[in-house]
$ cat query-v5.cif   # mmCIF, N, CA and C atoms
data_entry
#
loop_
_atom_site.label_atom_id
_atom_site.label_comp_id
_atom_site.auth_asym_id
_atom_site.auth_seq_id
_atom_site.Cartn_x
_atom_site.Cartn_y
_atom_site.Cartn_z
N MET A 1 -34.51 5.87 -10.26
CA MET A 1 -33.25 6.54 -9.95
C MET A 1 -32.10 5.58 -10.27
N ALA A 2 -31.06 6.08 -10.85
CA ALA A 2 -29.88 5.27 -11.18
C ALA A 2 -28.74 5.64 -10.23
N TYR A 3 -27.72 4.79 -10.17
CA TYR A 3 -26.58 5.05 -9.29
C TYR A 3 -26.01 6.45 -9.51
N SER A 4 -25.91 6.85 -10.76
CA SER A 4 -25.29 8.14 -11.07
C SER A 4 -26.14 9.33 -10.64
N ASP A 5 -27.39 9.10 -10.28
CA ASP A 5 -28.27 10.19 -9.83
C ASP A 5 -28.10 10.53 -8.35
N PHE A 6 -27.46 9.65 -7.60
CA PHE A 6 -27.33 9.86 -6.16
C PHE A 6 -26.31 10.96 -5.84
N LYS A 7 -26.62 11.68 -4.80
CA LYS A 7 -25.70 12.64 -4.19
C LYS A 7 -25.32 12.05 -2.83
N LEU A 8 -24.10 12.26 -2.40
CA LEU A 8 -23.61 11.65 -1.18
C LEU A 8 -24.46 12.01 0.03
N LYS A 9 -24.84 13.26 0.17
CA LYS A 9 -25.65 13.68 1.31
C LYS A 9 -26.98 12.93 1.36
N GLU A 10 -27.59 12.72 0.18
CA GLU A 10 -28.85 11.98 0.11
C GLU A 10 -28.68 10.55 0.59
N LEU A 11 -27.61 9.91 0.17
CA LEU A 11 -27.35 8.52 0.55
C LEU A 11 -27.14 8.39 2.05
N ILE A 12 -26.36 9.29 2.61
CA ILE A 12 -26.10 9.25 4.04
C ILE A 12 -27.42 9.30 4.81
N LYS A 13 -28.28 10.19 4.39
CA LYS A 13 -29.57 10.36 5.04
C LYS A 13 -30.49 9.15 4.79
N GLN A 14 -30.65 8.76 3.54
CA GLN A 14 -31.58 7.69 3.17
C GLN A 14 -31.21 6.34 3.76
N PHE A 15 -29.91 6.03 3.82
CA PHE A 15 -29.49 4.71 4.28
C PHE A 15 -28.82 4.72 5.65
N GLY A 16 -28.78 5.87 6.32
CA GLY A 16 -28.19 5.96 7.65
C GLY A 16 -26.71 5.64 7.67
N LEU A 17 -25.99 6.11 6.68
CA LEU A 17 -24.56 5.83 6.56
C LEU A 17 -23.74 6.82 7.37
N THR A 18 -22.54 6.42 7.72
CA THR A 18 -21.57 7.33 8.32
C THR A 18 -20.31 7.30 7.46
N ILE A 19 -19.61 8.40 7.42
CA ILE A 19 -18.40 8.52 6.61
C ILE A 19 -17.20 8.62 7.54
N ASN A 20 -16.17 7.83 7.28
CA ASN A 20 -14.93 7.89 8.03
C ASN A 20 -13.83 8.27 7.04
N GLU A 21 -13.40 9.51 7.08
CA GLU A 21 -12.40 10.00 6.13
C GLU A 21 -10.97 9.83 6.63
N ASN A 22 -10.80 9.33 7.85
CA ASN A 22 -9.47 9.30 8.45
C ASN A 22 -8.84 7.92 8.52
N GLN A 23 -9.40 6.95 7.83
CA GLN A 23 -8.87 5.60 7.86
C GLN A 23 -8.18 5.29 6.54
N ASP A 24 -6.94 4.86 6.62
CA ASP A 24 -6.19 4.46 5.42
C ASP A 24 -6.33 2.95 5.26
N LEU A 25 -7.27 2.54 4.43
CA LEU A 25 -7.56 1.12 4.24
C LEU A 25 -6.42 0.35 3.61
N PHE A 26 -5.54 1.02 2.92
CA PHE A 26 -4.50 0.34 2.16
C PHE A 26 -3.10 0.55 2.74
N ALA A 27 -3.02 1.01 3.98
CA ALA A 27 -1.73 1.32 4.59
C ALA A 27 -0.82 0.10 4.65
N ASP A 28 -1.37 -1.07 4.90
CA ASP A 28 -0.55 -2.28 5.07
C ASP A 28 -0.48 -3.14 3.81
N ILE A 29 -0.95 -2.62 2.70
CA ILE A 29 -0.94 -3.39 1.46
C ILE A 29 0.34 -3.06 0.69
N PRO A 30 1.15 -4.07 0.39
CA PRO A 30 2.40 -3.78 -0.34
C PRO A 30 2.12 -3.43 -1.80
N GLU A 31 3.02 -2.66 -2.37
CA GLU A 31 2.92 -2.33 -3.79
C GLU A 31 3.17 -3.58 -4.61
N VAL A 32 2.60 -3.60 -5.80
CA VAL A 32 2.73 -4.74 -6.70
C VAL A 32 3.39 -4.26 -7.98
N GLU A 33 4.31 -5.05 -8.46
CA GLU A 33 4.94 -4.74 -9.74
C GLU A 33 3.95 -5.03 -10.86
N TYR A 34 3.96 -4.20 -11.88
CA TYR A 34 3.08 -4.43 -13.02
C TYR A 34 3.92 -4.80 -14.23
N SER A 35 3.26 -5.38 -15.20
CA SER A 35 3.97 -5.94 -16.35
C SER A 35 4.52 -4.85 -17.27
N GLU A 36 5.50 -5.25 -18.02
CA GLU A 36 6.09 -4.37 -19.02
C GLU A 36 5.06 -4.02 -20.09
N ILE A 37 4.19 -4.97 -20.40
CA ILE A 37 3.14 -4.74 -21.40
C ILE A 37 2.25 -3.58 -20.97
N LEU A 38 1.82 -3.58 -19.70
CA LEU A 38 0.98 -2.48 -19.21
C LEU A 38 1.76 -1.17 -19.23
N LYS A 39 3.00 -1.21 -18.81
CA LYS A 39 3.82 0.01 -18.79
C LYS A 39 3.90 0.63 -20.19
N VAL A 40 4.19 -0.17 -21.18
CA VAL A 40 4.31 0.33 -22.56
C VAL A 40 2.95 0.83 -23.06
N PHE A 41 1.90 0.05 -22.81
CA PHE A 41 0.56 0.45 -23.26
C PHE A 41 0.18 1.82 -22.70
N LEU A 42 0.40 2.01 -21.39
CA LEU A 42 0.05 3.30 -20.78
C LEU A 42 0.94 4.44 -21.28
N GLN A 43 2.21 4.15 -21.48
CA GLN A 43 3.11 5.17 -22.03
C GLN A 43 2.65 5.63 -23.41
N GLU A 44 2.19 4.69 -24.22
CA GLU A 44 1.79 5.00 -25.58
C GLU A 44 0.39 5.62 -25.68
N ASN A 45 -0.48 5.34 -24.71
CA ASN A 45 -1.88 5.71 -24.88
C ASN A 45 -2.49 6.66 -23.85
N SER A 46 -1.85 6.86 -22.72
CA SER A 46 -2.48 7.71 -21.70
C SER A 46 -2.58 9.16 -22.16
N ALA A 47 -1.59 9.66 -22.87
CA ALA A 47 -1.67 11.04 -23.37
C ALA A 47 -2.82 11.18 -24.37
N LEU A 48 -3.03 10.17 -25.19
CA LEU A 48 -4.14 10.18 -26.12
C LEU A 48 -5.47 10.23 -25.38
N ALA A 49 -5.60 9.43 -24.33
CA ALA A 49 -6.83 9.43 -23.54
C ALA A 49 -7.09 10.80 -22.92
N VAL A 50 -6.05 11.43 -22.44
CA VAL A 50 -6.19 12.77 -21.83
C VAL A 50 -6.55 13.79 -22.90
N ASP A 51 -5.93 13.69 -24.07
CA ASP A 51 -6.22 14.63 -25.15
C ASP A 51 -7.65 14.48 -25.68
N ILE A 52 -8.11 13.25 -25.84
CA ILE A 52 -9.49 13.03 -26.29
C ILE A 52 -10.46 13.58 -25.26
N ASN A 53 -10.11 13.40 -23.98
CA ASN A 53 -10.81 14.01 -22.85
C ASN A 53 -12.29 13.60 -22.76
N THR A 54 -12.55 12.30 -22.95
CA THR A 54 -13.90 11.79 -22.71
C THR A 54 -13.80 10.64 -21.71
N GLU A 55 -14.89 10.39 -21.03
CA GLU A 55 -14.93 9.28 -20.08
C GLU A 55 -14.65 7.96 -20.79
N LYS A 56 -15.20 7.80 -21.98
CA LYS A 56 -15.02 6.56 -22.75
C LYS A 56 -13.54 6.35 -23.10
N ALA A 57 -12.86 7.39 -23.52
CA ALA A 57 -11.44 7.26 -23.86
C ALA A 57 -10.61 6.89 -22.64
N ARG A 58 -10.85 7.56 -21.51
CA ARG A 58 -10.11 7.22 -20.29
C ARG A 58 -10.41 5.79 -19.87
N SER A 59 -11.67 5.38 -20.01
CA SER A 59 -12.07 4.03 -19.65
C SER A 59 -11.34 2.99 -20.48
N GLU A 60 -11.31 3.18 -21.78
CA GLU A 60 -10.72 2.20 -22.69
C GLU A 60 -9.20 2.22 -22.71
N LEU A 61 -8.61 3.40 -22.56
CA LEU A 61 -7.17 3.53 -22.75
C LEU A 61 -6.36 3.58 -21.45
N ILE A 62 -7.03 3.75 -20.32
CA ILE A 62 -6.30 3.79 -19.04
C ILE A 62 -6.86 2.76 -18.06
N ILE A 63 -8.14 2.85 -17.76
CA ILE A 63 -8.71 2.04 -16.69
C ILE A 63 -8.81 0.56 -17.07
N ALA A 64 -9.40 0.26 -18.22
CA ALA A 64 -9.55 -1.15 -18.61
C ALA A 64 -8.21 -1.89 -18.68
N PRO A 65 -7.16 -1.32 -19.26
CA PRO A 65 -5.89 -2.05 -19.26
C PRO A 65 -5.34 -2.33 -17.86
N ILE A 66 -5.56 -1.40 -16.93
CA ILE A 66 -5.10 -1.63 -15.55
C ILE A 66 -5.90 -2.77 -14.91
N LEU A 67 -7.21 -2.78 -15.13
CA LEU A 67 -8.04 -3.85 -14.57
C LEU A 67 -7.72 -5.20 -15.20
N LEU A 68 -7.40 -5.20 -16.48
CA LEU A 68 -6.98 -6.44 -17.13
C LEU A 68 -5.65 -6.94 -16.55
N GLU A 69 -4.78 -6.02 -16.18
CA GLU A 69 -3.53 -6.39 -15.53
C GLU A 69 -3.80 -7.01 -14.16
N VAL A 70 -4.73 -6.45 -13.41
CA VAL A 70 -5.11 -7.02 -12.11
C VAL A 70 -5.61 -8.45 -12.32
N ARG A 71 -6.47 -8.61 -13.29
CA ARG A 71 -7.02 -9.94 -13.60
C ARG A 71 -5.90 -10.92 -13.97
N ARG A 72 -4.96 -10.46 -14.78
CA ARG A 72 -3.84 -11.31 -15.17
C ARG A 72 -3.00 -11.70 -13.95
N GLN A 73 -2.73 -10.72 -13.08
CA GLN A 73 -1.90 -10.99 -11.90
C GLN A 73 -2.59 -11.93 -10.92
N LEU A 74 -3.92 -11.98 -10.97
CA LEU A 74 -4.67 -12.90 -10.11
C LEU A 74 -5.00 -14.20 -10.86
N ASN A 75 -4.20 -14.49 -11.87
CA ASN A 75 -4.28 -15.73 -12.63
C ASN A 75 -5.68 -15.97 -13.21
N TYR A 76 -6.32 -14.89 -13.63
CA TYR A 76 -7.62 -14.95 -14.31
C TYR A 76 -8.72 -15.60 -13.44
N GLN A 77 -8.55 -15.51 -12.13
CA GLN A 77 -9.52 -16.12 -11.22
C GLN A 77 -10.55 -15.13 -10.70
N ILE A 78 -10.62 -13.96 -11.31
CA ILE A 78 -11.65 -12.98 -10.96
C ILE A 78 -12.44 -12.63 -12.21
N GLY A 79 -13.68 -12.22 -11.99
CA GLY A 79 -14.51 -11.77 -13.10
C GLY A 79 -14.37 -10.27 -13.29
N LEU A 80 -14.41 -9.82 -14.50
CA LEU A 80 -14.34 -8.39 -14.81
C LEU A 80 -15.49 -8.07 -15.75
N PHE A 81 -16.28 -7.07 -15.37
CA PHE A 81 -17.45 -6.67 -16.14
C PHE A 81 -17.39 -5.18 -16.40
N SER A 82 -17.71 -4.78 -17.61
CA SER A 82 -17.68 -3.37 -17.99
C SER A 82 -19.04 -2.97 -18.54
N GLY A 83 -19.62 -1.91 -17.97
CA GLY A 83 -20.89 -1.42 -18.46
C GLY A 83 -22.04 -2.37 -18.23
N SER A 84 -21.99 -3.14 -17.17
CA SER A 84 -23.02 -4.14 -16.89
C SER A 84 -24.13 -3.57 -16.00
N GLU A 85 -25.34 -4.07 -16.27
CA GLU A 85 -26.48 -3.73 -15.42
C GLU A 85 -26.28 -4.40 -14.06
N PHE A 86 -26.59 -3.65 -13.00
CA PHE A 86 -26.45 -4.16 -11.63
C PHE A 86 -27.65 -3.67 -10.85
N ASN A 87 -28.78 -4.29 -11.12
CA ASN A 87 -30.06 -3.87 -10.54
C ASN A 87 -30.33 -4.65 -9.27
N ILE A 88 -29.96 -4.09 -8.13
CA ILE A 88 -30.03 -4.78 -6.86
C ILE A 88 -31.31 -4.47 -6.09
N ASP A 89 -31.69 -3.21 -6.02
CA ASP A 89 -32.91 -2.81 -5.31
C ASP A 89 -33.48 -1.56 -5.97
N PRO A 90 -34.18 -1.74 -7.10
CA PRO A 90 -34.71 -0.58 -7.83
C PRO A 90 -35.64 0.30 -6.99
N GLU A 91 -36.36 -0.28 -6.04
CA GLU A 91 -37.25 0.52 -5.19
C GLU A 91 -36.48 1.55 -4.37
N LYS A 92 -35.24 1.24 -4.03
CA LYS A 92 -34.40 2.17 -3.28
C LYS A 92 -33.47 2.97 -4.19
N GLY A 93 -33.59 2.74 -5.48
CA GLY A 93 -32.76 3.45 -6.45
C GLY A 93 -31.43 2.79 -6.73
N LEU A 94 -31.22 1.60 -6.18
CA LEU A 94 -29.94 0.92 -6.37
C LEU A 94 -30.01 0.05 -7.62
N ASN A 95 -29.97 0.74 -8.73
CA ASN A 95 -30.03 0.08 -10.03
C ASN A 95 -29.33 0.93 -11.07
N GLY A 96 -28.97 0.27 -12.14
CA GLY A 96 -28.34 0.99 -13.24
C GLY A 96 -27.12 0.26 -13.75
N THR A 97 -26.36 0.95 -14.55
CA THR A 97 -25.17 0.39 -15.17
C THR A 97 -23.93 0.84 -14.40
N CYS A 98 -23.06 -0.10 -14.12
CA CYS A 98 -21.80 0.20 -13.42
C CYS A 98 -20.68 0.36 -14.44
N ASP A 99 -19.78 1.29 -14.17
CA ASP A 99 -18.63 1.45 -15.05
C ASP A 99 -17.87 0.12 -15.13
N PHE A 100 -17.48 -0.39 -13.97
CA PHE A 100 -16.78 -1.68 -13.89
C PHE A 100 -17.20 -2.40 -12.63
N LEU A 101 -17.25 -3.71 -12.72
CA LEU A 101 -17.45 -4.60 -11.57
C LEU A 101 -16.38 -5.67 -11.63
N MET A 102 -15.88 -6.05 -10.47
CA MET A 102 -14.98 -7.20 -10.39
C MET A 102 -15.58 -8.16 -9.38
N SER A 103 -15.57 -9.45 -9.71
CA SER A 103 -16.11 -10.45 -8.80
C SER A 103 -15.02 -11.44 -8.42
N LEU A 104 -15.22 -12.05 -7.27
CA LEU A 104 -14.26 -13.04 -6.80
C LEU A 104 -14.62 -14.41 -7.37
N SER A 105 -14.82 -14.44 -8.66
CA SER A 105 -15.17 -15.65 -9.38
C SER A 105 -14.68 -15.50 -10.82
N PRO A 106 -14.16 -16.57 -11.40
CA PRO A 106 -13.74 -16.48 -12.80
C PRO A 106 -14.92 -16.49 -13.77
N GLU A 107 -16.14 -16.64 -13.25
CA GLU A 107 -17.35 -16.66 -14.08
C GLU A 107 -17.40 -15.40 -14.94
N ARG A 108 -17.68 -15.57 -16.23
CA ARG A 108 -17.71 -14.42 -17.14
C ARG A 108 -19.10 -14.13 -17.67
N LEU A 109 -20.02 -15.07 -17.54
CA LEU A 109 -21.36 -14.86 -18.08
C LEU A 109 -22.29 -14.18 -17.09
N PHE A 110 -22.05 -14.41 -15.79
CA PHE A 110 -22.93 -13.86 -14.76
C PHE A 110 -22.09 -13.22 -13.67
N ILE A 111 -22.63 -12.19 -13.08
CA ILE A 111 -21.98 -11.52 -11.95
C ILE A 111 -22.27 -12.34 -10.70
N SER A 112 -21.21 -12.74 -10.00
CA SER A 112 -21.33 -13.53 -8.78
C SER A 112 -20.78 -12.75 -7.60
N ALA A 113 -21.41 -12.94 -6.43
CA ALA A 113 -20.93 -12.30 -5.21
C ALA A 113 -19.70 -13.04 -4.71
N PRO A 114 -18.80 -12.35 -4.04
CA PRO A 114 -18.81 -10.91 -3.76
C PRO A 114 -18.26 -10.11 -4.94
N VAL A 115 -18.64 -8.85 -4.98
CA VAL A 115 -18.17 -7.95 -6.03
C VAL A 115 -17.63 -6.66 -5.43
N ILE A 116 -16.78 -6.02 -6.21
CA ILE A 116 -16.41 -4.64 -5.90
C ILE A 116 -16.79 -3.82 -7.14
N THR A 117 -17.15 -2.60 -6.91
CA THR A 117 -17.52 -1.71 -8.00
C THR A 117 -16.43 -0.66 -8.18
N LEU A 118 -16.26 -0.23 -9.41
CA LEU A 118 -15.29 0.81 -9.71
C LEU A 118 -16.00 1.89 -10.49
N VAL A 119 -15.87 3.12 -10.02
CA VAL A 119 -16.55 4.26 -10.62
C VAL A 119 -15.50 5.25 -11.09
N GLU A 120 -15.64 5.69 -12.32
CA GLU A 120 -14.73 6.70 -12.85
C GLU A 120 -15.13 8.08 -12.34
N ALA A 121 -14.14 8.93 -12.16
CA ALA A 121 -14.43 10.31 -11.78
C ALA A 121 -15.24 10.96 -12.88
N LYS A 122 -16.26 11.65 -12.49
CA LYS A 122 -17.15 12.29 -13.47
C LYS A 122 -16.64 13.67 -13.83
N LYS A 123 -16.45 13.88 -15.11
CA LYS A 123 -16.01 15.18 -15.63
C LYS A 123 -14.80 15.71 -14.85
N GLU A 124 -13.87 14.78 -14.57
CA GLU A 124 -12.64 15.12 -13.88
C GLU A 124 -12.88 15.71 -12.50
N ASP A 125 -14.00 15.34 -11.86
CA ASP A 125 -14.36 15.84 -10.55
C ASP A 125 -14.61 14.66 -9.63
N ILE A 126 -13.63 14.34 -8.80
CA ILE A 126 -13.74 13.18 -7.90
C ILE A 126 -14.98 13.29 -7.02
N LYS A 127 -15.21 14.44 -6.43
CA LYS A 127 -16.33 14.60 -5.51
C LYS A 127 -17.68 14.37 -6.18
N ALA A 128 -17.79 14.70 -7.44
CA ALA A 128 -19.06 14.51 -8.16
C ALA A 128 -19.41 13.03 -8.27
N GLY A 129 -18.42 12.15 -8.18
CA GLY A 129 -18.66 10.71 -8.28
C GLY A 129 -18.88 10.02 -6.95
N PHE A 130 -18.76 10.74 -5.83
CA PHE A 130 -18.91 10.11 -4.52
C PHE A 130 -20.28 9.47 -4.32
N GLY A 131 -21.33 10.14 -4.76
CA GLY A 131 -22.68 9.59 -4.60
C GLY A 131 -22.84 8.29 -5.36
N GLN A 132 -22.43 8.29 -6.62
CA GLN A 132 -22.52 7.08 -7.44
C GLN A 132 -21.67 5.97 -6.85
N CYS A 133 -20.47 6.30 -6.45
CA CYS A 133 -19.56 5.30 -5.89
C CYS A 133 -20.15 4.68 -4.63
N THR A 134 -20.67 5.51 -3.75
CA THR A 134 -21.25 5.02 -2.50
C THR A 134 -22.49 4.18 -2.77
N ALA A 135 -23.34 4.60 -3.68
CA ALA A 135 -24.54 3.83 -4.02
C ALA A 135 -24.16 2.46 -4.57
N GLU A 136 -23.16 2.41 -5.42
CA GLU A 136 -22.73 1.13 -5.98
C GLU A 136 -22.09 0.24 -4.91
N MET A 137 -21.33 0.83 -3.98
CA MET A 137 -20.76 0.03 -2.90
C MET A 137 -21.87 -0.54 -2.01
N LEU A 138 -22.88 0.25 -1.73
CA LEU A 138 -24.02 -0.22 -0.95
C LEU A 138 -24.72 -1.37 -1.67
N ALA A 139 -24.91 -1.23 -2.97
CA ALA A 139 -25.53 -2.29 -3.77
C ALA A 139 -24.68 -3.57 -3.73
N ALA A 140 -23.36 -3.42 -3.82
CA ALA A 140 -22.46 -4.58 -3.76
C ALA A 140 -22.58 -5.27 -2.41
N GLN A 141 -22.72 -4.49 -1.36
CA GLN A 141 -22.90 -5.07 -0.02
C GLN A 141 -24.21 -5.84 0.07
N LEU A 142 -25.28 -5.27 -0.45
CA LEU A 142 -26.57 -5.94 -0.44
C LEU A 142 -26.55 -7.19 -1.33
N PHE A 143 -25.88 -7.12 -2.45
CA PHE A 143 -25.77 -8.25 -3.38
C PHE A 143 -25.08 -9.43 -2.69
N ARG A 144 -24.09 -9.14 -1.90
CA ARG A 144 -23.36 -10.20 -1.18
C ARG A 144 -24.25 -10.87 -0.16
N ALA A 145 -25.17 -10.10 0.43
CA ALA A 145 -26.06 -10.63 1.46
C ALA A 145 -27.18 -11.50 0.87
N CYS A 146 -27.43 -11.36 -0.43
CA CYS A 146 -28.53 -12.12 -1.06
C CYS A 146 -28.21 -13.59 -1.20
#
$ encode --input "query-v5.cif" --output "structure tokens"
Amino acid sequence: MAYSDFKLKELIKQFGLTINENQDLFADIPEVEYSEILKVFLQENSALAVDINTEKARSELIIAPILLEVRRQLNYQIGLFSGSEFNIDPEKGLNGTCDFLMSLSPERLFISAPVITLVEAKKEDIKAGFGQCTAEMLAAQLFRAC
């Protein structure tokens, strides 16, 4: 089983998870200014990504530039991985390729803990990606504990 095969209800049951939909995790986080380079890039390319209408186009023309901006703003002290294998517990189905991973390490050859995972909405349906997103977050939590 791969991360993308999980459904949220299955994960809740299999791993004894609870969902809290009423907590705003980012309420106290201030907004950050982004660079003029990112602003121009998105102005020039986001419509193209929407018109092409594929996950790959959105990934390359919208998401990756934003993540590169985050990396730049953090003075290149985080790792960024795209399309990397993240096989944490294959017996439980926590394996497969992640859209994006970010690590709290500038290491670029290996994924180091702690990590956060980023999952793109599948076929423009946020809810369809909840299972994959939750499975990857669980794997990131287990990876940190290793």
$ atom_distance --input "query-v5.cif" --atom1 "atom CA of Ser35 of chain A" --atom2 "atom N of Ala49 of chain A"
19.8 Å
$ closest_residue --input "query-v5.cif" --among "A:Leu138, A:Ala57, A:Cys133, A:Val119" --to "Phe15 of chain A" --atoms "only C-alpha atoms"
A:Leu138
$ closest_residue --input "query-v5.cif" --among "A:Asp125, A:Lys56, A:Gln141, A:Ala135" --to "Gly93 of chain A" --atoms "only N, CA and C atoms"
A:Ala135
$ residues_around --input "query-v5.cif" --residues "Ala128 of chain A" --least-positions-apart "4" --cutoff "12 Å" --atoms "only C-alpha atoms" --output "number ranges by chain"
A: 4-9, 119-124, 132-134
$ select_by_dssp --input "query-v5.cif" --residues "segment 26-145 of chain A" --states "strand (DSSP E or B)" --output "ChimeraX atom specification"
/A:79-85,89,94,97-103,115-118,122,125
$ atom_distance --input "query-v5.cif" --atom1 "atom C of Ser103 of chain A" --atom2 "atom CA of Arg71 of chain A"
9.6 Å
$ closest_residue --input "query-v5.cif" --among "A:Lys92, A:Lys13, A:Arg108, A:Arg58" --to "Ile78 of chain A" --atoms "all atoms listed in the file"
A:Arg108
$ select_by_dssp --input "query-v5.cif" --residues "chain A" --states "helix (DSSP H, G or I)" --output "number ranges by chain"
A: 3-5, 8-15, 36-52, 55-73, 90-92, 126-145
$ atom_distance --input "query-v5.cif" --atom1 "atom C of Leu104 of chain A" --atom2 "atom CA of Ile29 of chain A"
19.7 Å
$ resolve_selection --input "query-v5.cif" --expression "the PyMOL selection byres ((chain A and resi 117) around 7)" --output "PDB file with N, CA and C atoms, in the coordinates of the input"
ATOM      1  N   PHE A 100     -17.480  -0.390 -13.970  1.00  0.00           N
ATOM      2  CA  PHE A 100     -16.780  -1.680 -13.890  1.00  0.00           C
ATOM      3  C   PHE A 100     -17.200  -2.400 -12.630  1.00  0.00           C
ATOM      4  N   LEU A 101     -17.250  -3.710 -12.720  1.00  0.00           N
ATOM      5  CA  LEU A 101     -17.450  -4.600 -11.570  1.00  0.00           C
ATOM      6  C   LEU A 101     -16.380  -5.670 -11.630  1.00  0.00           C
ATOM      7  N   MET A 102     -15.880  -6.050 -10.470  1.00  0.00           N
ATOM      8  CA  MET A 102     -14.980  -7.200 -10.390  1.00  0.00           C
ATOM      9  C   MET A 102     -15.580  -8.160  -9.380  1.00  0.00           C
ATOM     10  N   VAL A 115     -18.640  -8.850  -4.980  1.00  0.00           N
ATOM     11  CA  VAL A 115     -18.170  -7.950  -6.030  1.00  0.00           C
ATOM     12  C   VAL A 115     -17.630  -6.660  -5.430  1.00  0.00           C
ATOM     13  N   ILE A 116     -16.780  -6.020  -6.210  1.00  0.00           N
ATOM     14  CA  ILE A 116     -16.410  -4.640  -5.900  1.00  0.00           C
ATOM     15  C   ILE A 116     -16.790  -3.820  -7.140  1.00  0.00           C
ATOM     16  N   LEU A 118     -16.260  -0.230  -9.410  1.00  0.00           N
ATOM     17  CA  LEU A 118     -15.290   0.810  -9.710  1.00  0.00           C
ATOM     18  C   LEU A 118     -16.000   1.890 -10.490  1.00  0.00           C
ATOM     19  N   VAL A 119     -15.870   3.120 -10.020  1.00  0.00           N
ATOM     20  CA  VAL A 119     -16.550   4.260 -10.620  1.00  0.00           C
ATOM     21  C   VAL A 119     -15.500   5.250 -11.090  1.00  0.00           C
ATOM     22  N   GLU A 136     -23.160   2.410  -5.420  1.00  0.00           N
ATOM     23  CA  GLU A 136     -22.730   1.130  -5.980  1.00  0.00           C
ATOM     24  C   GLU A 136     -22.090   0.240  -4.910  1.00  0.00           C
ATOM     25  N   MET A 137     -21.330   0.830  -3.980  1.00  0.00           N
ATOM     26  CA  MET A 137     -20.760   0.030  -2.900  1.00  0.00           C
ATOM     27  C   MET A 137     -21.870  -0.540  -2.010  1.00  0.00           C
ATOM     28  N   ALA A 140     -23.360  -3.420  -3.820  1.00  0.00           N
ATOM     29  CA  ALA A 140     -22.460  -4.580  -3.760  1.00  0.00           C
ATOM     30  C   ALA A 140     -22.580  -5.270  -2.410  1.00  0.00           C
TER      31      ALA A 140
END
$ axis_aligned_box --input "query-v5.cif" --around "segment 47-62 of chain A" --padding-each-side "3 Å" --output "JSON"
{"center_x": -8.4, "center_y": 8.4, "center_z": -22.2, "size_x": 19.6, "size_y": 18.4, "size_z": 14.2}
$ closest_residue --input "query-v5.cif" --among "A:Leu48, A:Ser112, A:Ile126, A:Asn95" --to "Ala139 of chain A" --atoms "all atoms listed in the file"
A:Asn95
$ build_atoms --input "query-v5.cif" --residues "segment 105-109 of chain A" --atoms "all heavy atoms" --output "short mmCIF file (atom, residue, chain, number, x, y, z; two decimals), keeping the file's coordinate frame"
data_model
loop_
_atom_site.label_atom_id
_atom_site.label_comp_id
_atom_site.auth_asym_id
_atom_site.auth_seq_id
_atom_site.Cartn_x
_atom_site.Cartn_y
_atom_site.Cartn_z
N SER A 105 -14.82 -14.44 -8.66
CA SER A 105 -15.17 -15.65 -9.38
C SER A 105 -14.68 -15.50 -10.82
O SER A 105 -14.79 -14.43 -11.40
CB SER A 105 -16.69 -15.84 -9.37
OG SER A 105 -17.07 -16.83 -10.30
N PRO A 106 -14.16 -16.57 -11.40
CA PRO A 106 -13.74 -16.48 -12.80
C PRO A 106 -14.92 -16.49 -13.77
O PRO A 106 -14.73 -16.34 -14.98
CB PRO A 106 -12.85 -17.71 -12.98
CG PRO A 106 -13.33 -18.69 -11.96
CD PRO A 106 -13.81 -17.86 -10.80
N GLU A 107 -16.14 -16.64 -13.25
CA GLU A 107 -17.35 -16.66 -14.08
C GLU A 107 -17.40 -15.40 -14.94
O GLU A 107 -17.21 -14.28 -14.45
CB GLU A 107 -18.59 -16.74 -13.19
CG GLU A 107 -19.89 -16.65 -13.92
CD GLU A 107 -20.14 -17.83 -14.84
OE1 GLU A 107 -19.99 -18.98 -14.39
OE2 GLU A 107 -20.48 -17.60 -16.02
N ARG A 108 -17.68 -15.57 -16.23
CA ARG A 108 -17.71 -14.42 -17.14
C ARG A 108 -19.10 -14.13 -17.67
O ARG A 108 -19.34 -13.06 -18.21
CB ARG A 108 -16.75 -14.64 -18.30
CG ARG A 108 -15.30 -14.68 -17.84
CD ARG A 108 -14.35 -14.82 -18.98
NE ARG A 108 -14.67 -15.97 -19.79
CZ ARG A 108 -13.79 -16.69 -20.46
NH1 ARG A 108 -12.53 -16.36 -20.43
NH2 ARG A 108 -14.15 -17.72 -21.18
N LEU A 109 -20.02 -15.07 -17.54
CA LEU A 109 -21.36 -14.86 -18.08
C LEU A 109 -22.29 -14.18 -17.09
O LEU A 109 -23.20 -13.46 -17.49
CB LEU A 109 -21.96 -16.20 -18.52
CG LEU A 109 -21.21 -16.92 -19.64
CD1 LEU A 109 -21.85 -18.27 -19.92
CD2 LEU A 109 -21.17 -16.06 -20.89
#
